[in-house]
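Undergrad: Sharing input34.pdb here; it has PDB, C-alpha atoms, pLDDT in the B column.
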ATOM      1  CA  LYS A   1      19.084   5.789  71.720  1.00 51.00           C
ATOM      2  CA  ILE A   2      18.902   7.023  68.204  1.00 56.00           C
ATOM      3  CA  HIS A   3      16.895   4.847  65.874  1.00 56.00           C
ATOM      4  CA  LYS A   4      18.087   4.876  62.263  1.00 58.00           C
ATOM      5  CA  MET A   5      15.364   4.550  59.663  1.00 57.00           C
ATOM      6  CA  GLU A   6      15.944   2.352  56.689  1.00 62.00           C
ATOM      7  CA  GLU A   7      14.454   2.917  53.261  1.00 60.00           C
ATOM      8  CA  ASP A   8      12.001   0.059  53.758  1.00 61.00           C
ATOM      9  CA  ASP A   9      10.548   1.776  56.829  1.00 64.00           C
ATOM     10  CA  LEU A  10       9.660   4.961  54.947  1.00 65.00           C
ATOM     11  CA  GLN A  11       6.098   5.381  53.819  1.00 68.00           C
ATOM     12  CA  TYR A  12       5.266   7.898  51.152  1.00 70.00           C
ATOM     13  CA  ILE A  13       1.920   9.605  51.184  1.00 71.00           C
ATOM     14  CA  LYS A  14       0.502  10.709  47.848  1.00 73.00           C
ATOM     15  CA  ARG A  15      -0.805  14.237  48.101  1.00 74.00           C
ATOM     16  CA  ARG A  16      -3.940  15.083  46.167  1.00 76.00           C
ATOM     17  CA  LYS A  17      -3.718  18.033  43.862  1.00 76.00           C
ATOM     18  CA  VAL A  18      -6.512  20.541  44.393  1.00 73.00           C
ATOM     19  CA  VAL A  19      -7.641  22.560  41.386  1.00 71.00           C
ATOM     20  CA  ASN A  20      -9.823  25.612  41.951  1.00 66.00           C
ATOM     21  CA  PHE A  21     -11.799  27.135  39.093  1.00 67.00           C
ATOM     22  CA  GLY A  22     -12.818  30.771  39.203  1.00 64.00           C
ATOM     23  CA  ALA A  23     -12.702  32.963  42.243  1.00 64.00           C
ATOM     24  CA  LEU A  24     -12.015  31.556  45.665  1.00 63.00           C
ATOM     25  CA  ASP A  25     -14.446  33.887  47.405  1.00 65.00           C
ATOM     26  CA  LYS A  26     -18.184  33.931  46.717  1.00 61.00           C
ATOM     27  CA  GLU A  27     -18.154  37.631  45.836  1.00 64.00           C
ATOM     28  CA  GLY A  28     -16.180  37.106  42.615  1.00 60.00           C
ATOM     29  CA  VAL A  29     -18.532  34.495  41.116  1.00 56.00           C
ATOM     30  CA  PRO A  30     -21.724  35.994  39.632  1.00 56.00           C
ATOM     31  CA  GLU A  31     -24.984  34.139  40.032  1.00 58.00           C
ATOM     32  CA  ARG A  32     -26.923  32.928  36.962  1.00 54.00           C
ATOM     33  CA  GLY A  33     -29.575  35.543  37.375  1.00 52.00           C
ATOM     34  CA  GLU A  34     -27.018  38.343  37.449  1.00 50.00           C
ATOM     35  CA  MET A  35     -25.526  37.423  34.032  1.00 52.00           C
ATOM     36  CA  SER A  36     -26.900  39.513  31.200  1.00 55.00           C
ATOM     37  CA  GLU A  37     -27.249  38.312  27.641  1.00 59.00           C
ATOM     38  CA  GLU A  38     -25.934  41.638  26.409  1.00 64.00           C
ATOM     39  CA  ASN A  39     -22.395  40.607  27.276  1.00 68.00           C
ATOM     40  CA  VAL A  40     -22.536  37.517  25.047  1.00 70.00           C
ATOM     41  CA  MET A  41     -21.646  38.143  21.410  1.00 72.00           C
ATOM     42  CA  VAL A  42     -22.511  35.570  18.794  1.00 72.00           C
ATOM     43  CA  SER A  43     -20.913  35.796  15.385  1.00 74.00           C
ATOM     44  CA  SER A  44     -22.288  34.290  12.203  1.00 74.00           C
ATOM     45  CA  GLU A  45     -19.129  34.981  10.202  1.00 77.00           C
ATOM     46  CA  TYR A  46     -16.781  32.137   9.397  1.00 74.00           C
ATOM     47  CA  MET A  47     -13.252  32.297   8.144  1.00 72.00           C
ATOM     48  CA  GLU A  48     -12.139  29.791   5.545  1.00 74.00           C
ATOM     49  CA  LEU A  49      -9.110  27.796   6.526  1.00 69.00           C
ATOM     50  CA  GLU A  50      -6.326  27.589   4.014  1.00 69.00           C
ATOM     51  CA  LYS A  51      -5.254  24.179   2.884  1.00 68.00           C
ATOM     52  CA  GLU A  52      -2.101  23.042   4.566  1.00 69.00           C
ATOM     53  CA  ILE A  53       0.774  23.536   2.205  1.00 71.00           C
ATOM     54  CA  ILE A  54       3.151  20.588   2.382  1.00 71.00           C
ATOM     55  CA  PRO A  55       6.697  21.030   1.074  1.00 76.00           C
ATOM     56  CA  SER A  56       7.517  18.953  -2.001  1.00 77.00           C
ATOM     57  CA  ASP A  57      10.086  16.775  -0.211  1.00 80.00           C
ATOM     58  CA  LYS A  58       7.582  15.870   2.484  1.00 83.00           C
ATOM     59  CA  GLN A  59       4.927  15.281  -0.182  1.00 82.00           C
ATOM     60  CA  GLU A  60       7.269  12.865  -1.970  1.00 86.00           C
ATOM     61  CA  MET A  61       7.983  11.136   1.333  1.00 87.00           C
ATOM     62  CA  MET A  62       4.248  10.768   2.035  1.00 86.00           C
ATOM     63  CA  GLU A  63       3.683   9.362  -1.465  1.00 85.00           C
ATOM     64  CA  GLU A  64       6.501   6.854  -0.890  1.00 85.00           C
ATOM     65  CA  PHE A  65       4.924   5.773   2.413  1.00 86.00           C
ATOM     66  CA  GLU A  66       1.558   5.332   0.689  1.00 86.00           C
ATOM     67  CA  ARG A  67       3.187   3.291  -2.100  1.00 83.00           C
ATOM     68  CA  ARG A  68       4.917   1.056   0.448  1.00 84.00           C
ATOM     69  CA  LYS A  69       1.622   0.609   2.264  1.00 85.00           C
ATOM     70  CA  ARG A  70      -0.073  -0.480  -0.988  1.00 83.00           C
ATOM     71  CA  VAL A  71       2.839  -2.832  -1.778  1.00 83.00           C
ATOM     72  CA  ARG A  72       2.544  -4.516   1.623  1.00 83.00           C
ATOM     73  CA  ALA A  73      -1.163  -5.087   0.979  1.00 82.00           C
ATOM     74  CA  ILE A  74      -0.499  -6.956  -2.305  1.00 82.00           C
ATOM     75  CA  THR A  75      -0.713 -10.724  -1.882  1.00 81.00           C
ATOM     76  CA  VAL A  76       1.870 -12.846  -3.669  1.00 83.00           C
ATOM     77  CA  SER A  77       1.969 -16.632  -3.835  1.00 83.00           C
ATOM     78  CA  THR A  78       4.384 -18.430  -1.520  1.00 85.00           C
ATOM     79  CA  ASN A  79       4.974 -21.113  -4.144  1.00 88.00           C
ATOM     80  CA  ASP A  80       8.364 -20.309  -5.694  1.00 89.00           C
ATOM     81  CA  SER A  81       7.503 -21.805  -9.090  1.00 90.00           C
ATOM     82  CA  GLU A  82       4.391 -19.585  -9.330  1.00 90.00           C
ATOM     83  CA  VAL A  83       6.464 -16.532  -8.404  1.00 89.00           C
ATOM     84  CA  LYS A  84       8.978 -17.434 -11.143  1.00 91.00           C
ATOM     85  CA  LYS A  85       6.127 -17.929 -13.635  1.00 88.00           C
ATOM     86  CA  ASP A  86       4.666 -14.516 -12.739  1.00 87.00           C
ATOM     87  CA  LEU A  87       8.070 -12.842 -13.058  1.00 88.00           C
ATOM     88  CA  ARG A  88       8.577 -14.530 -16.434  1.00 87.00           C
ATOM     89  CA  SER A  89       5.154 -13.344 -17.645  1.00 85.00           C
ATOM     90  CA  LEU A  90       6.107  -9.771 -16.697  1.00 84.00           C
ATOM     91  CA  GLY A  91       9.300 -10.049 -18.742  1.00 85.00           C
ATOM     92  CA  GLU A  92      11.566  -9.954 -15.697  1.00 87.00           C
ATOM     93  CA  PRO A  93      14.431 -12.332 -14.911  1.00 89.00           C
ATOM     94  CA  ILE A  94      13.199 -15.199 -12.749  1.00 87.00           C
ATOM     95  CA  CYS A  95      16.310 -15.195 -10.568  1.00 87.00           C
ATOM     96  CA  LEU A  96      18.951 -12.594  -9.840  1.00 87.00           C
ATOM     97  CA  PHE A  97      22.388 -13.494  -8.531  1.00 90.00           C
ATOM     98  CA  GLY A  98      22.228 -14.455  -4.849  1.00 89.00           C
ATOM     99  CA  GLU A  99      18.460 -14.060  -4.711  1.00 88.00           C
ATOM    100  CA  GLY A 100      16.402 -16.471  -2.641  1.00 89.00           C
ATOM    101  CA  PRO A 101      12.669 -17.263  -2.769  1.00 90.00           C
ATOM    102  CA  ALA A 102      11.780 -14.543  -0.235  1.00 90.00           C
ATOM    103  CA  ASP A 103      13.752 -11.957  -2.228  1.00 91.00           C
ATOM    104  CA  ARG A 104      11.952 -13.033  -5.421  1.00 91.00           C
ATOM    105  CA  ARG A 105       8.584 -12.605  -3.721  1.00 90.00           C
ATOM    106  CA  THR A 106       9.586  -9.142  -2.521  1.00 90.00           C
ATOM    107  CA  ARG A 107      10.788  -8.178  -6.004  1.00 90.00           C
ATOM    108  CA  LEU A 108       7.520  -9.420  -7.550  1.00 89.00           C
ATOM    109  CA  ARG A 109       5.518  -7.510  -4.936  1.00 88.00           C
ATOM    110  CA  GLU A 110       7.499  -4.319  -5.727  1.00 87.00           C
ATOM    111  CA  LEU A 111       6.897  -4.810  -9.457  1.00 88.00           C
ATOM    112  CA  LEU A 112       3.183  -5.302  -8.889  1.00 86.00           C
ATOM    113  CA  GLY A 113       3.179  -2.146  -6.770  1.00 83.00           C
ATOM    114  CA  LYS A 114       4.695  -0.151  -9.646  1.00 82.00           C
ATOM    115  CA  LEU A 115       2.740  -1.721 -12.511  1.00 82.00           C
ATOM    116  CA  GLY A 116      -0.537  -2.303 -10.691  1.00 78.00           C
ATOM    117  CA  PRO A 117      -1.789  -5.463  -8.960  1.00 74.00           C
ATOM    118  CA  ASP A 118      -4.094  -6.377 -11.853  1.00 81.00           C
ATOM    119  CA  ILE A 119      -1.263  -6.552 -14.415  1.00 80.00           C
ATOM    120  CA  LEU A 120      -0.975 -10.337 -13.989  1.00 79.00           C
ATOM    121  CA  GLN A 121      -4.654 -10.880 -14.800  1.00 79.00           C
ATOM    122  CA  ARG A 122      -4.330  -8.651 -17.872  1.00 82.00           C
ATOM    123  CA  LYS A 123      -1.216 -10.551 -19.030  1.00 80.00           C
ATOM    124  CA  LYS A 124      -2.967 -13.909 -18.524  1.00 80.00           C
ATOM    125  CA  ALA A 125      -6.026 -12.716 -20.460  1.00 83.00           C
ATOM    126  CA  GLN A 126      -3.778 -11.456 -23.243  1.00 81.00           C
ATOM    127  CA  LEU A 127      -1.915 -14.784 -23.308  1.00 80.00           C
ATOM    128  CA  THR A 128      -5.145 -16.805 -23.584  1.00 83.00           C
ATOM    129  CA  GLU A 129      -6.295 -14.585 -26.460  1.00 83.00           C
ATOM    130  CA  THR A 130      -3.061 -15.188 -28.385  1.00 82.00           C
ATOM    131  CA  VAL A 131      -3.266 -18.953 -27.732  1.00 79.00           C
ATOM    132  CA  GLU A 132      -6.851 -19.000 -29.042  1.00 79.00           C
ATOM    133  CA  GLU A 133      -5.792 -17.082 -32.163  1.00 77.00           C
ATOM    134  CA  GLU A 134      -2.912 -19.501 -32.778  1.00 75.00           C
ATOM    135  CA  SER A 135      -5.191 -22.507 -32.384  1.00 73.00           C
ATOM    136  CA  LYS A 136      -7.584 -21.036 -34.953  1.00 70.00           C
ATOM    137  CA  ASP A 137      -4.689 -20.643 -37.378  1.00 66.00           C
ATOM    138  CA  GLU A 138      -3.624 -24.273 -36.864  1.00 67.00           C
ATOM    139  CA  ASN A 139      -7.084 -25.676 -37.658  1.00 68.00           C
ATOM    140  CA  THR A 140      -7.546 -23.870 -40.980  1.00 69.00           C
ATOM    141  CA  THR A 141      -6.563 -25.524 -44.260  1.00 72.00           C
ATOM    142  CA  TRP A 142      -4.318 -23.478 -46.480  1.00 71.00           C
ATOM    143  CA  TYR A 143      -2.830 -23.938 -49.914  1.00 77.00           C
ATOM    144  CA  HIS A 144       0.100 -22.365 -51.655  1.00 77.00           C
ATOM    145  CA  GLU A 145       1.378 -22.589 -55.170  1.00 83.00           C
ATOM    146  CA  GLY A 146       4.479 -24.767 -55.564  1.00 85.00           C
ATOM    147  CA  PRO A 147       7.107 -24.850 -58.307  1.00 89.00           C
ATOM    148  CA  ASN A 148       6.402 -26.565 -61.639  1.00 89.00           C
ATOM    149  CA  SER A 149       8.917 -29.371 -60.872  1.00 91.00           C
ATOM    150  CA  LEU A 150       6.805 -30.358 -57.808  1.00 89.00           C
ATOM    151  CA  LYS A 151       3.748 -30.657 -60.050  1.00 88.00           C
ATOM    152  CA  ILE A 152       5.615 -32.931 -62.513  1.00 92.00           C
ATOM    153  CA  ALA A 153       6.953 -35.130 -59.660  1.00 91.00           C
ATOM    154  CA  ARG A 154       3.469 -35.579 -58.170  1.00 89.00           C
ATOM    155  CA  GLU A 155       1.961 -36.478 -61.537  1.00 90.00           C
ATOM    156  CA  TRP A 156       4.691 -39.115 -62.075  1.00 89.00           C
ATOM    157  CA  LEU A 157       3.943 -40.622 -58.590  1.00 89.00           C
ATOM    158  CA  ALA A 158       0.238 -40.772 -59.280  1.00 77.00           C
TER     159      ALA A 158
END
Output the file's structure as structure tokens, nothing else.
TA:
Amino acid sequence: KIHKMEEDDLQYIKRRKVVNFGALDKEGVPERGEMSEENVMVSSEYMELEKEIIPSDKQEMMEEFERRKRVRAITVSTNDSEVKKDLRSLGEPICLFGEGPADRRTRLRELLGKLGPDILQRKKAQLTETVEEESKDENTTWYHEGPNSLKIAREWLA
């Protein structure tokens, strides 16, 4: 009777890999006492490594990756009205054709990446300074010289 073996009946044995270092016989390996220090050469000279020269196209690509990394790190408000207000303060259109809130946030984030993340704080500080200057102008009393007919009309009323 011939017994057919099925794949489930097979057992695979994993063979260990043996790695031998140095000589296999004892004659080829010198003992510690036999080694002489004369054979060991120590150098005190060092060679300077040249800086790795990166081609300009790869350099531009690396700069683009770094810029994208900085842009992803910029935090932008999720409130759509705040995003519109920030876009308006930067002098950009608040909505482009077919643009949704997520697209606006991405556009604002890209703008902040190009102009710098602190541009909004600088614009707000500049805006508060101009508002303060305008309020000072409103509170001051000013006079101007009117025509002679105005003077005659006011004297007649008084």
Undergrad: Give as an NGL selection string the residues that the PyMOL selection byres ((chain A and resi 84-96) around 10) matches when applied to the coordinates above.
TA: :A and (76-77 or 79-83 or 97-101 or 103-105 or 107-108 or 111-112 or 115 or 119-120 or 123-124 or 127)
Undergrad: Let me know the centre plus edge lengths, in Å and rounded to one decimal, of a box with edges along x, y and z that contains all listed atoms of stretch 111-121 of chain A and is padded by 8 Å on every side, as JSON.
TA:
{"center_x": 1.1, "center_y": -5.5, "center_z": -10.8, "size_x": 27.6, "size_y": 26.7, "size_z": 24.0}
Undergrad: What does the distance from atom CA of A:Thr75 to atom CA of A:Arg122 come to in Å, to one decimal?
TA: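 About the pair atom CA of A:Thr75 and atom CA of A:Arg122: they are 16.5 Å apart.
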Undergrad: What does the distance from atom CA of A:Arg72 to atom CA of A:Gly113 come to in Å, to one decimal?
TA: 8.7 Å
Undergrad: What separation in Å, quoted to one decimal, exists between atom CA of A:Glu110 and atom CA of A:Ile54?
TA: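 These two atoms are separated by 26.6 Å.
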